[in-house]
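Participant: This structure is in structure tokens; I'll ask about it shortly.
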Amino acid sequence: MGTGDGVAGQWGGTDVHFGEDGGRLTYGSYLRLPQLLDQQHLESDPPAHDELLFITIHQVYELWFKQVLHELTASRDAMLAGELWLAEHLLRRVHTIERVQTQQVDILETMTPQDFGEFRHRLSPASGFQSVQFREIEFLSGAKDPSFVRRFRGLTSIEQERLRQRLEEPTLWDAYLEVLRKAGFDTDTEDAIRHALRKVAGDRSQYAAIWELAEALLQHDELAAAWRARHVVMVERMIGTKPGTGGSSGANYLRSRLDLRYYPLLWNLRTAL
Ligand code: HEM
């Protein structure tokens, strides 16, 4: 958006200044910038230089998580409605965001362990482990695990409700099975699903949209795994084998989650091809 003065005349001779039509919206008011830019409050005193980076990067993650949830929910609903092209289109957007999220770890690694140490002791027991949106993404993707809800400390009732709802509603995998059923496949048992997946993979001209959708789900799964792997290596670089601020064993706990896959049957399919 430009500034008003002199631009209007140059661009068409009206009296309305660009960006000031009706005087209702400005860049800052539309994006709620006064509120957004006032949400970075340091815990360190005197202020540690790198704490602003630490807060900013987490807030940016949470904004992307919000967008990813928006897209994954719509993708799931598109599958349930039989709009396969839309479901795939939205998943591809999610992939792009997920790649950016993994790259963002590079920015955090410009912080040294010594500089992190200046304020880390002030953060406990807060931890990324408590990210409600991160857990919502896992649940919606297919990895529902109610024990996380019990292990969360300090959840607001709204956050509890969000997680409870995600545990109840269909996952992306549930929606994909519905797509298979609508295409005439039996999905009652794991063997039946394996059979359906092999049929789809074996006749891509007939099942092009269903195959591409499975590939888009697998890509989402692979990118989530890539983030987990990137995060744990960064954590080891930053705090070694110290326990996490959230009270877990730290890198050990994070390594225990590296094998998580949302769609094991899509991975198993590879062996059968
Ligand atoms: C200096 C940087 C960071 C360190 C040292 C760090 C460390 C850790 C540790 C030790 C855990 C295990 C739980 C605990 O006991 O606290 C954890 C979990 C987690 N962190 Fe980080 N983290 C960092 C940055 C980030 C960033 C930028 C994000 C982005 C949102 C993030 C998201 C998460 C999530 C979602 C979990 C839960 C993972 C799971 O349960 O599988 N972390 N982190």
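Letters for chains follow the order of the structure tokens (A, B, ...), residue numbers begin at 1 for each chain, and ligand numbers begin at 1 in the order shown.
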Would you mind listing what lies within 8 Å of Leu72 (chain A) as a PyMOL selection string, with only C-alpha atoms counted and same-chain residues fewer than 3 positions away left out?

Facilitator: chain A and resi 68-69+75-76+90-91+94+140-141+172

Participant: Compile the contact shell of Arg198 (chain A) as a ChimeraX atom specification: residues with an atom at most 8 Å away, counting only C-alpha atoms, same-chain residues fewer than 5 positions apart removed.

Facilitator: /A:269,272-273

Participant: Between A:Ile97, A:Ala175, A:Ile158, A:Arg270, single out the one closest to Gly202 (chain A), counting only C-alpha atoms.

Facilitator: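 Ranked by minimum distance to Gly202 (chain A), first place goes to A:Arg270.
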
Participant: What residues have any atom no more than 7 Å from ligand 1 when counting only C-alpha atoms and all ligand atoms, and can you list them as an mmCIF file with all heavy atoms, in the first residue's frame?

Facilitator:
```
data_model
loop_
_atom_site.group_PDB
_atom_site.id
_atom_site.type_symbol
_atom_site.label_atom_id
_atom_site.label_comp_id
_atom_site.auth_asym_id
_atom_site.auth_seq_id
_atom_site.Cartn_x
_atom_site.Cartn_y
_atom_site.Cartn_z
ATOM 1 N N ILE A 57 9.708 -15.731 16.874
ATOM 2 C CA ILE A 57 9.692 -16.962 16.070
ATOM 3 C C ILE A 57 8.565 -17.888 16.528
ATOM 4 O O ILE A 57 7.867 -18.488 15.710
ATOM 5 C CB ILE A 57 11.076 -17.632 16.093
ATOM 6 C CG1 ILE A 57 11.255 -18.488 14.849
ATOM 7 C CG2 ILE A 57 11.326 -18.455 17.320
ATOM 8 C CD1 ILE A 57 12.633 -18.441 14.290
ATOM 9 N N HIS A 58 8.339 -17.968 17.827
ATOM 10 C CA HIS A 58 7.227 -18.812 18.299
ATOM 11 C C HIS A 58 5.877 -18.235 17.872
ATOM 12 O O HIS A 58 4.970 -18.979 17.495
ATOM 13 C CB HIS A 58 7.289 -18.970 19.826
ATOM 14 C CG HIS A 58 8.310 -19.978 20.272
ATOM 15 N ND1 HIS A 58 9.628 -19.659 20.472
ATOM 16 C CD2 HIS A 58 8.205 -21.303 20.523
ATOM 17 C CE1 HIS A 58 10.292 -20.755 20.845
ATOM 18 N NE2 HIS A 58 9.456 -21.758 20.885
ATOM 19 N N TYR A 61 5.299 -19.054 14.289
ATOM 20 C CA TYR A 61 4.870 -20.461 14.180
ATOM 21 C C TYR A 61 3.386 -20.598 14.475
ATOM 22 O O TYR A 61 2.654 -21.294 13.777
ATOM 23 C CB TYR A 61 5.660 -21.357 15.149
ATOM 24 C CG TYR A 61 6.884 -21.984 14.536
ATOM 25 C CD1 TYR A 61 8.151 -21.515 14.822
ATOM 26 C CD2 TYR A 61 6.770 -23.060 13.661
ATOM 27 C CE1 TYR A 61 9.280 -22.087 14.263
ATOM 28 C CE2 TYR A 61 7.891 -23.641 13.091
ATOM 29 C CZ TYR A 61 9.146 -23.156 13.396
ATOM 30 O OH TYR A 61 10.256 -23.720 12.826
ATOM 31 N N GLU A 62 2.948 -19.962 15.540
ATOM 32 C CA GLU A 62 1.537 -20.111 15.924
ATOM 33 C C GLU A 62 0.614 -19.530 14.857
ATOM 34 O O GLU A 62 -0.464 -20.079 14.609
ATOM 35 C CB GLU A 62 1.267 -19.471 17.293
ATOM 36 C CG GLU A 62 1.892 -20.239 18.464
ATOM 37 C CD GLU A 62 1.294 -21.642 18.689
ATOM 38 O OE1 GLU A 62 0.131 -21.869 18.343
ATOM 39 O OE2 GLU A 62 2.045 -22.513 19.217
ATOM 40 N N VAL A 105 13.746 -22.704 11.436
ATOM 41 C CA VAL A 105 14.627 -23.136 12.523
ATOM 42 C C VAL A 105 16.016 -22.525 12.330
ATOM 43 O O VAL A 105 16.707 -22.187 13.299
ATOM 44 C CB VAL A 105 14.684 -24.687 12.595
ATOM 45 C CG1 VAL A 105 15.663 -25.146 13.662
ATOM 46 C CG2 VAL A 105 13.303 -25.263 12.872
ATOM 47 N N LEU A 108 16.400 -19.332 14.205
ATOM 48 C CA LEU A 108 16.570 -19.515 15.654
ATOM 49 C C LEU A 108 17.999 -19.941 15.987
ATOM 50 O O LEU A 108 18.544 -19.583 17.033
ATOM 51 C CB LEU A 108 15.562 -20.569 16.135
ATOM 52 C CG LEU A 108 15.302 -20.615 17.635
ATOM 53 C CD1 LEU A 108 14.919 -19.246 18.167
ATOM 54 C CD2 LEU A 108 14.206 -21.615 17.942
ATOM 55 N N PHE A 116 20.989 -17.867 24.727
ATOM 56 C CA PHE A 116 19.714 -18.461 25.151
ATOM 57 C C PHE A 116 19.720 -18.629 26.673
ATOM 58 O O PHE A 116 18.723 -18.380 27.356
ATOM 59 C CB PHE A 116 19.540 -19.811 24.444
ATOM 60 C CG PHE A 116 18.234 -20.509 24.721
ATOM 61 C CD1 PHE A 116 17.051 -19.797 24.847
ATOM 62 C CD2 PHE A 116 18.188 -21.902 24.831
ATOM 63 C CE1 PHE A 116 15.842 -20.458 25.096
ATOM 64 C CE2 PHE A 116 16.992 -22.557 25.076
ATOM 65 C CZ PHE A 116 15.818 -21.837 25.214
ATOM 66 N N SER A 127 6.564 -24.431 27.565
ATOM 67 C CA SER A 127 7.282 -25.222 26.564
ATOM 68 C C SER A 127 6.425 -25.361 25.308
ATOM 69 O O SER A 127 5.194 -25.322 25.389
ATOM 70 C CB SER A 127 7.563 -26.616 27.135
ATOM 71 O OG SER A 127 7.839 -27.537 26.097
ATOM 72 N N GLY A 128 7.093 -25.557 24.164
ATOM 73 C CA GLY A 128 6.382 -25.809 22.913
ATOM 74 C C GLY A 128 5.478 -27.032 23.028
ATOM 75 O O GLY A 128 4.506 -27.166 22.286
ATOM 76 N N PHE A 129 5.802 -27.897 23.973
ATOM 77 C CA PHE A 129 4.976 -29.073 24.242
ATOM 78 C C PHE A 129 3.525 -28.674 24.513
ATOM 79 O O PHE A 129 2.596 -29.447 24.275
ATOM 80 C CB PHE A 129 5.556 -29.801 25.467
ATOM 81 C CG PHE A 129 4.839 -31.067 25.819
ATOM 82 C CD1 PHE A 129 5.121 -32.246 25.146
ATOM 83 C CD2 PHE A 129 3.884 -31.085 26.822
ATOM 84 C CE1 PHE A 129 4.457 -33.418 25.472
ATOM 85 C CE2 PHE A 129 3.214 -32.248 27.154
ATOM 86 C CZ PHE A 129 3.499 -33.420 26.474
ATOM 87 N N GLN A 130 3.354 -27.452 25.032
ATOM 88 C CA GLN A 130 1.996 -26.988 25.386
ATOM 89 C C GLN A 130 1.291 -26.285 24.225
ATOM 90 O O GLN A 130 0.231 -25.697 24.435
ATOM 91 C CB GLN A 130 2.072 -26.028 26.576
ATOM 92 C CG GLN A 130 2.594 -26.679 27.846
ATOM 93 C CD GLN A 130 2.983 -25.651 28.891
ATOM 94 O OE1 GLN A 130 3.489 -24.580 28.564
ATOM 95 N NE2 GLN A 130 2.763 -25.966 30.157
ATOM 96 N N SER A 131 1.861 -26.331 23.031
ATOM 97 C CA SER A 131 1.203 -25.668 21.902
ATOM 98 C C SER A 131 -0.072 -26.432 21.524
ATOM 99 O O SER A 131 -0.017 -27.547 21.003
ATOM 100 C CB SER A 131 2.142 -25.589 20.692
ATOM 101 O OG SER A 131 1.394 -25.226 19.543
ATOM 102 N N PHE A 134 -0.426 -26.977 17.700
ATOM 103 C CA PHE A 134 0.442 -28.053 17.194
ATOM 104 C C PHE A 134 -0.239 -29.397 17.411
ATOM 105 O O PHE A 134 -0.286 -30.261 16.529
ATOM 106 C CB PHE A 134 1.793 -28.001 17.916
ATOM 107 C CG PHE A 134 2.751 -29.094 17.515
ATOM 108 C CD1 PHE A 134 3.554 -28.969 16.390
ATOM 109 C CD2 PHE A 134 2.854 -30.265 18.263
ATOM 110 C CE1 PHE A 134 4.442 -29.979 16.015
ATOM 111 C CE2 PHE A 134 3.731 -31.277 17.896
ATOM 112 C CZ PHE A 134 4.524 -31.137 16.770
ATOM 113 N N HIS A 231 13.832 -29.988 14.424
ATOM 114 C CA HIS A 231 13.648 -29.403 15.754
ATOM 115 C C HIS A 231 14.561 -30.089 16.773
ATOM 116 O O HIS A 231 15.226 -29.424 17.558
ATOM 117 C CB HIS A 231 12.165 -29.518 16.148
ATOM 118 C CG HIS A 231 11.846 -29.083 17.549
ATOM 119 N ND1 HIS A 231 11.628 -29.977 18.574
ATOM 120 C CD2 HIS A 231 11.707 -27.867 18.116
ATOM 121 C CE1 HIS A 231 11.360 -29.329 19.691
ATOM 122 N NE2 HIS A 231 11.405 -28.038 19.450
ATOM 123 N N VAL A 235 17.499 -28.537 19.045
ATOM 124 C CA VAL A 235 17.419 -28.591 20.508
ATOM 125 C C VAL A 235 18.746 -29.125 21.076
ATOM 126 O O VAL A 235 19.283 -28.572 22.045
ATOM 127 C CB VAL A 235 16.221 -29.473 20.955
ATOM 128 C CG1 VAL A 235 16.279 -29.774 22.453
ATOM 129 C CG2 VAL A 235 14.897 -28.788 20.605
ATOM 130 N N MET A 238 21.283 -26.529 21.031
ATOM 131 C CA MET A 238 20.993 -25.419 21.946
ATOM 132 C C MET A 238 21.178 -25.817 23.413
ATOM 133 O O MET A 238 21.743 -25.070 24.196
ATOM 134 C CB MET A 238 19.537 -24.999 21.692
ATOM 135 C CG MET A 238 19.228 -23.540 21.800
ATOM 136 S SD MET A 238 20.225 -22.484 20.772
ATOM 137 C CE MET A 238 19.273 -22.380 19.285
ATOM 138 N N ILE A 239 20.679 -27.017 23.805
ATOM 139 C CA ILE A 239 20.712 -27.371 25.247
ATOM 140 C C ILE A 239 21.326 -28.747 25.515
ATOM 141 O O ILE A 239 21.257 -29.241 26.644
ATOM 142 C CB ILE A 239 19.295 -27.315 25.883
ATOM 143 C CG1 ILE A 239 18.337 -28.314 25.213
ATOM 144 C CG2 ILE A 239 18.717 -25.908 25.852
ATOM 145 C CD1 ILE A 239 17.033 -28.533 25.993
ATOM 146 N N PRO A 243 17.258 -31.508 30.491
ATOM 147 C CA PRO A 243 15.802 -31.702 30.401
ATOM 148 C C PRO A 243 15.132 -30.461 29.808
ATOM 149 O O PRO A 243 15.709 -29.367 29.825
ATOM 150 C CB PRO A 243 15.358 -31.892 31.855
ATOM 151 C CG PRO A 243 16.568 -31.842 32.699
ATOM 152 C CD PRO A 243 17.746 -31.463 31.867
ATOM 153 N N GLY A 244 13.905 -30.650 29.263
ATOM 154 C CA GLY A 244 13.183 -29.522 28.679
ATOM 155 C C GLY A 244 12.547 -28.634 29.737
ATOM 156 O O GLY A 244 12.334 -29.076 30.871
ATOM 157 N N THR A 245 12.224 -27.402 29.354
ATOM 158 C CA THR A 245 11.532 -26.504 30.299
ATOM 159 C C THR A 245 10.149 -27.056 30.639
ATOM 160 O O THR A 245 9.586 -26.759 31.681
ATOM 161 C CB THR A 245 11.377 -25.084 29.716
ATOM 162 O OG1 THR A 245 10.853 -25.189 28.388
ATOM 163 C CG2 THR A 245 12.698 -24.341 29.695
ATOM 164 N N GLY A 246 9.599 -27.898 29.727
ATOM 165 C CA GLY A 246 8.279 -28.496 29.978
ATOM 166 C C GLY A 246 8.346 -29.697 30.904
ATOM 167 O O GLY A 246 7.320 -30.289 31.224
ATOM 168 N N GLY A 247 9.573 -30.098 31.319
ATOM 169 C CA GLY A 247 9.696 -31.184 32.286
ATOM 170 C C GLY A 247 9.973 -32.542 31.661
ATOM 171 O O GLY A 247 10.087 -33.540 32.380
ATOM 172 N N SER A 248 10.115 -32.621 30.341
ATOM 173 C CA SER A 248 10.430 -33.918 29.727
ATOM 174 C C SER A 248 11.946 -34.129 29.768
ATOM 175 O O SER A 248 12.699 -33.251 30.183
ATOM 176 C CB SER A 248 9.948 -33.967 28.277
ATOM 177 O OG SER A 248 10.893 -33.343 27.426
ATOM 178 N N SER A 249 12.363 -35.313 29.270
ATOM 179 C CA SER A 249 13.801 -35.598 29.230
ATOM 180 C C SER A 249 14.502 -34.791 28.133
ATOM 181 O O SER A 249 15.689 -34.957 27.899
ATOM 182 C CB SER A 249 14.006 -37.094 29.002
ATOM 183 O OG SER A 249 13.372 -37.465 27.793
ATOM 184 N N GLY A 250 13.766 -33.931 27.439
ATOM 185 C CA GLY A 250 14.379 -33.084 26.413
ATOM 186 C C GLY A 250 14.560 -33.826 25.107
ATOM 187 O O GLY A 250 13.621 -34.423 24.575
ATOM 188 N N ALA A 251 15.809 -33.800 24.589
ATOM 189 C CA ALA A 251 16.071 -34.400 23.270
ATOM 190 C C ALA A 251 15.672 -35.875 23.237
ATOM 191 O O ALA A 251 15.198 -36.367 22.202
ATOM 192 C CB ALA A 251 17.539 -34.236 22.916
ATOM 193 N N TYR A 253 13.149 -37.347 24.755
ATOM 194 C CA TYR A 253 11.705 -37.401 24.506
ATOM 195 C C TYR A 253 11.431 -37.101 23.028
ATOM 196 O O TYR A 253 10.662 -37.811 22.360
ATOM 197 C CB TYR A 253 10.957 -36.395 25.390
ATOM 198 C CG TYR A 253 9.581 -36.072 24.843
ATOM 199 C CD1 TYR A 253 8.553 -37.009 24.908
ATOM 200 C CD2 TYR A 253 9.326 -34.853 24.210
ATOM 201 C CE1 TYR A 253 7.301 -36.743 24.359
ATOM 202 C CE2 TYR A 253 8.085 -34.578 23.655
ATOM 203 C CZ TYR A 253 7.075 -35.515 23.730
ATOM 204 O OH TYR A 253 5.848 -35.265 23.170
ATOM 205 N N LEU A 254 12.072 -36.055 22.526
ATOM 206 C CA LEU A 254 11.803 -35.638 21.142
ATOM 207 C C LEU A 254 12.222 -36.732 20.154
ATOM 208 O O LEU A 254 11.543 -36.975 19.159
ATOM 209 C CB LEU A 254 12.522 -34.319 20.833
ATOM 210 C CG LEU A 254 11.976 -33.120 21.625
ATOM 211 C CD1 LEU A 254 12.912 -31.917 21.483
ATOM 212 C CD2 LEU A 254 10.565 -32.741 21.167
ATOM 213 N N ARG A 257 9.769 -39.426 19.426
ATOM 214 C CA ARG A 257 8.617 -39.101 18.563
ATOM 215 C C ARG A 257 8.979 -39.086 17.074
ATOM 216 O O ARG A 257 8.126 -38.824 16.231
ATOM 217 C CB ARG A 257 8.039 -37.751 18.963
ATOM 218 C CG ARG A 257 7.496 -37.723 20.377
ATOM 219 C CD ARG A 257 6.322 -36.801 20.511
ATOM 220 N NE ARG A 257 5.053 -37.381 20.150
ATOM 221 C CZ ARG A 257 4.133 -36.760 19.402
ATOM 222 N NH1 ARG A 257 4.360 -35.571 18.921
ATOM 223 N NH2 ARG A 257 2.984 -37.351 19.137
#
```

Participant: Expressed in Å to a single decimal, how great is the separation between CA of Glu190 (chain A) and CA of Arg261 (chain A)?

Facilitator: 16.2 Å

Participant: Of the residues A:Glu109, A:Glu169, A:Glu71, A:Glu88, which is the one nearest to Glu236 (chain A), using only C-alpha atoms?

Facilitator: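 Among A:Glu109, A:Glu169, A:Glu71, A:Glu88, it is A:Glu109 that comes nearest to Glu236 (chain A).
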
Participant: With only C-alpha atoms as the atoms that count, which of A:Arg99, A:Arg120, A:Arg237, A:Arg93 lies nearest to Asp50 (chain A)?

Facilitator: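 Selected residue with least distance to Asp50 (chain A): A:Arg120.
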
Participant: To one decimal place in Å, what is the distance between CA of Leu84 (chain A) and CA of Lys66 (chain A)?

Facilitator: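 Spanning CA of Leu84 (chain A) to CA of Lys66 (chain A) is a straight-line distance of 22.6 Å.
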
Participant: Fewer than 5 positions away in the same chain doesn't count, so skip those; otherwise give me all residues within 8 Å of region 209-226 of chain A, counting only C-alpha atoms, as a VMD selection string.

Facilitator: chain A and resid 84 to 85 87 to 88 91 to 92 94 to 95 98 to 99 102 176 179 to 180 200 to 201 204 258 to 263 266 to 267

Participant: For C-alpha atoms, I'd like the residues from the last selection saved as a compact mmCIF listing (two decimals), in the first residue's frame.

Facilitator:
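What follows is the written file selection-v5.txt:
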```
# COMPACT_ATOMS: atom_id res chain seq x y z
CA LEU A 84 -10.87 -34.08 -4.59
CA TRP A 85 -9.12 -31.35 -6.62
CA ALA A 87 -8.62 -31.17 -1.12
CA GLU A 88 -5.35 -31.65 -2.98
CA LEU A 91 -2.81 -29.75 0.95
CA ARG A 92 -0.24 -28.36 -1.50
CA VAL A 94 0.07 -26.67 3.52
CA HIS A 95 3.23 -28.32 2.16
CA GLU A 98 5.49 -26.62 6.28
CA ARG A 99 8.70 -26.17 4.27
CA THR A 102 11.24 -26.12 8.91
CA TYR A 176 -9.55 -40.31 2.67
CA VAL A 179 -13.08 -41.10 -0.70
CA LEU A 180 -12.07 -44.74 -1.22
CA VAL A 200 -5.33 -47.22 -6.85
CA ALA A 201 -1.53 -47.25 -7.19
CA ARG A 204 -3.21 -44.35 -11.95
CA LEU A 258 10.67 -39.25 15.37
CA ASP A 259 9.04 -42.46 14.17
CA LEU A 260 5.53 -41.03 14.35
CA ARG A 261 3.73 -41.36 11.01
CA TYR A 262 0.19 -40.20 10.29
CA TYR A 263 -0.42 -42.64 7.45
CA LEU A 266 0.61 -45.27 2.75
CA TRP A 267 4.21 -45.89 3.82
```

Participant: Nearest to Ile107 (chain A): which of A:Phe139, A:Phe148, A:Trp173, A:Phe54 is it, counting only C-alpha atoms?

Facilitator: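 Closest to Ile107 (chain A) of all the choices is A:Phe54.
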
Participant: For a quick check of understanding, using only C-alpha atoms, which of A:Glu136, A:Glu51, A:Asp186, A:Glu118 has the smallest distance to Glu161 (chain A)?

Facilitator: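 Among the listed residues, the smallest separation from Glu161 (chain A) belongs to A:Glu136.
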
Participant: Which of these, A:Leu31, A:Ala74, A:Ala196, A:Ala126, has the shortest distance to Glu43 (chain A) once you count only C-alpha atoms?

Facilitator: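 Using only C-alpha atoms, Glu43 (chain A) sits closest to A:Ala126.
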
Participant: Would you list, as an NGL selection string, the residues of region 78-248 of chain A that end up in alpha helix (DSSP H) under DSSP run on this structure's backbone?

Facilitator: :A and (78-80 or 84-108 or 113-120 or 132-141 or 147-151 or 157-168 or 172-182 or 190-202 or 208-239)

Participant: How would the residues just chosen look if you wrote them out with C-alpha atoms as a CSV table (one decimal), in the first residue's frame?

Facilitator:
```
chain,number,residue,atom,x,y,z
A,78,ALA,CA,-13.5,-31.1,0.7
A,79,MET,CA,-12.6,-34.9,0.7
A,80,LEU,CA,-15.8,-35.6,2.6
A,84,LEU,CA,-10.9,-34.1,-4.6
A,85,TRP,CA,-9.1,-31.4,-6.6
A,86,LEU,CA,-9.8,-28.8,-3.8
A,87,ALA,CA,-8.6,-31.2,-1.1
A,88,GLU,CA,-5.3,-31.7,-3.0
A,89,HIS,CA,-5.0,-28.0,-3.8
A,90,LEU,CA,-5.2,-27.0,-0.1
A,91,LEU,CA,-2.8,-29.7,0.9
A,92,ARG,CA,-0.2,-28.4,-1.5
A,93,ARG,CA,-0.5,-25.0,0.2
A,94,VAL,CA,0.1,-26.7,3.5
A,95,HIS,CA,3.2,-28.3,2.2
A,96,THR,CA,4.6,-24.9,1.2
A,97,ILE,CA,4.0,-23.5,4.7
A,98,GLU,CA,5.5,-26.6,6.3
A,99,ARG,CA,8.7,-26.2,4.3
A,100,VAL,CA,8.9,-22.6,5.5
A,101,GLN,CA,8.3,-23.7,9.0
A,102,THR,CA,11.2,-26.1,8.9
A,103,GLN,CA,13.5,-23.5,7.3
A,104,GLN,CA,12.6,-21.0,10.1
A,105,VAL,CA,14.6,-23.1,12.5
A,106,ASP,CA,17.7,-21.7,10.8
A,107,ILE,CA,16.8,-18.2,12.1
A,108,LEU,CA,16.6,-19.5,15.7
A,113,PRO,CA,23.4,-21.5,23.7
A,114,GLN,CA,25.1,-18.8,25.9
A,115,ASP,CA,22.7,-16.1,24.7
A,116,PHE,CA,19.7,-18.5,25.2
A,117,GLY,CA,21.0,-19.3,28.6
A,118,GLU,CA,20.5,-15.6,29.6
A,119,PHE,CA,16.7,-16.1,29.7
A,120,ARG,CA,16.0,-19.8,29.4
A,132,VAL,CA,-2.5,-26.5,21.5
A,133,GLN,CA,-2.5,-25.7,17.8
A,134,PHE,CA,0.4,-28.1,17.2
A,135,ARG,CA,-1.5,-30.9,18.9
A,136,GLU,CA,-4.6,-30.0,17.0
A,137,ILE,CA,-2.7,-30.4,13.8
A,138,GLU,CA,-1.5,-33.8,14.9
A,139,PHE,CA,-5.0,-34.9,15.9
A,140,LEU,CA,-6.6,-33.7,12.7
A,141,SER,CA,-3.9,-35.3,10.6
A,147,SER,CA,-3.1,-38.6,26.8
A,148,PHE,CA,-1.7,-35.3,25.6
A,149,VAL,CA,-4.8,-33.5,26.8
A,150,ARG,CA,-4.3,-35.0,30.3
A,151,ARG,CA,-0.6,-34.1,30.3
A,157,SER,CA,-11.4,-24.1,29.0
A,158,ILE,CA,-11.5,-22.9,25.4
A,159,GLU,CA,-8.3,-24.7,24.6
A,160,GLN,CA,-9.6,-27.9,26.3
A,161,GLU,CA,-12.7,-27.7,24.2
A,162,ARG,CA,-10.7,-27.3,21.0
A,163,LEU,CA,-8.7,-30.4,21.7
A,164,ARG,CA,-11.7,-32.4,22.7
A,165,GLN,CA,-13.5,-31.4,19.5
A,166,ARG,CA,-10.5,-32.4,17.4
A,167,LEU,CA,-10.4,-35.8,19.1
A,168,GLU,CA,-14.0,-36.3,18.2
A,172,LEU,CA,-7.8,-36.4,7.2
A,173,TRP,CA,-7.3,-40.2,7.1
A,174,ASP,CA,-11.0,-40.8,7.9
A,175,ALA,CA,-11.9,-38.5,5.1
A,176,TYR,CA,-9.5,-40.3,2.7
A,177,LEU,CA,-11.2,-43.6,3.6
A,178,GLU,CA,-14.5,-42.0,2.7
A,179,VAL,CA,-13.1,-41.1,-0.7
A,180,LEU,CA,-12.1,-44.7,-1.2
A,181,ARG,CA,-15.5,-45.9,-0.2
A,182,LYS,CA,-17.2,-43.5,-2.6
A,190,GLU,CA,-6.9,-53.0,7.3
A,191,ASP,CA,-6.4,-55.7,4.7
A,192,ALA,CA,-9.2,-54.3,2.6
A,193,ILE,CA,-7.7,-50.8,2.8
A,194,ARG,CA,-4.3,-52.2,1.8
A,195,HIS,CA,-5.9,-53.9,-1.2
A,196,ALA,CA,-7.7,-50.6,-2.2
A,197,LEU,CA,-4.5,-48.6,-2.0
A,198,ARG,CA,-2.7,-51.2,-4.2
A,199,LYS,CA,-5.5,-51.0,-6.8
A,200,VAL,CA,-5.3,-47.2,-6.8
A,201,ALA,CA,-1.5,-47.3,-7.2
A,202,GLY,CA,-1.7,-49.9,-9.9
A,208,ALA,CA,-5.6,-40.2,-10.9
A,209,ALA,CA,-7.3,-37.9,-8.4
A,210,ILE,CA,-7.4,-40.5,-5.6
A,211,TRP,CA,-3.7,-41.4,-6.2
A,212,GLU,CA,-2.6,-37.7,-6.2
A,213,LEU,CA,-4.5,-37.1,-3.0
A,214,ALA,CA,-2.7,-40.0,-1.3
A,215,GLU,CA,0.6,-38.6,-2.4
A,216,ALA,CA,-0.4,-35.2,-1.0
A,217,LEU,CA,-1.2,-36.8,2.3
A,218,LEU,CA,2.1,-38.6,2.3
A,219,GLN,CA,3.9,-35.4,1.6
A,220,HIS,CA,2.2,-33.7,4.5
A,221,ASP,CA,3.3,-36.6,6.7
A,222,GLU,CA,6.9,-36.5,5.4
A,223,LEU,CA,7.1,-32.7,6.0
A,224,ALA,CA,5.9,-33.1,9.6
A,225,ALA,CA,8.5,-35.7,10.1
A,226,ALA,CA,11.2,-33.4,8.7
A,227,TRP,CA,10.2,-30.7,11.1
A,228,ARG,CA,10.5,-33.0,14.1
A,229,ALA,CA,13.9,-34.1,13.0
A,230,ARG,CA,15.0,-30.5,12.4
A,231,HIS,CA,13.6,-29.4,15.8
A,232,VAL,CA,15.4,-32.1,17.8
A,233,VAL,CA,18.8,-31.4,16.2
A,234,MET,CA,18.4,-27.7,16.9
A,235,VAL,CA,17.4,-28.6,20.5
A,236,GLU,CA,20.6,-30.7,20.9
A,237,ARG,CA,22.7,-27.8,19.6
A,238,MET,CA,21.0,-25.4,21.9
A,239,ILE,CA,20.7,-27.4,25.2
```
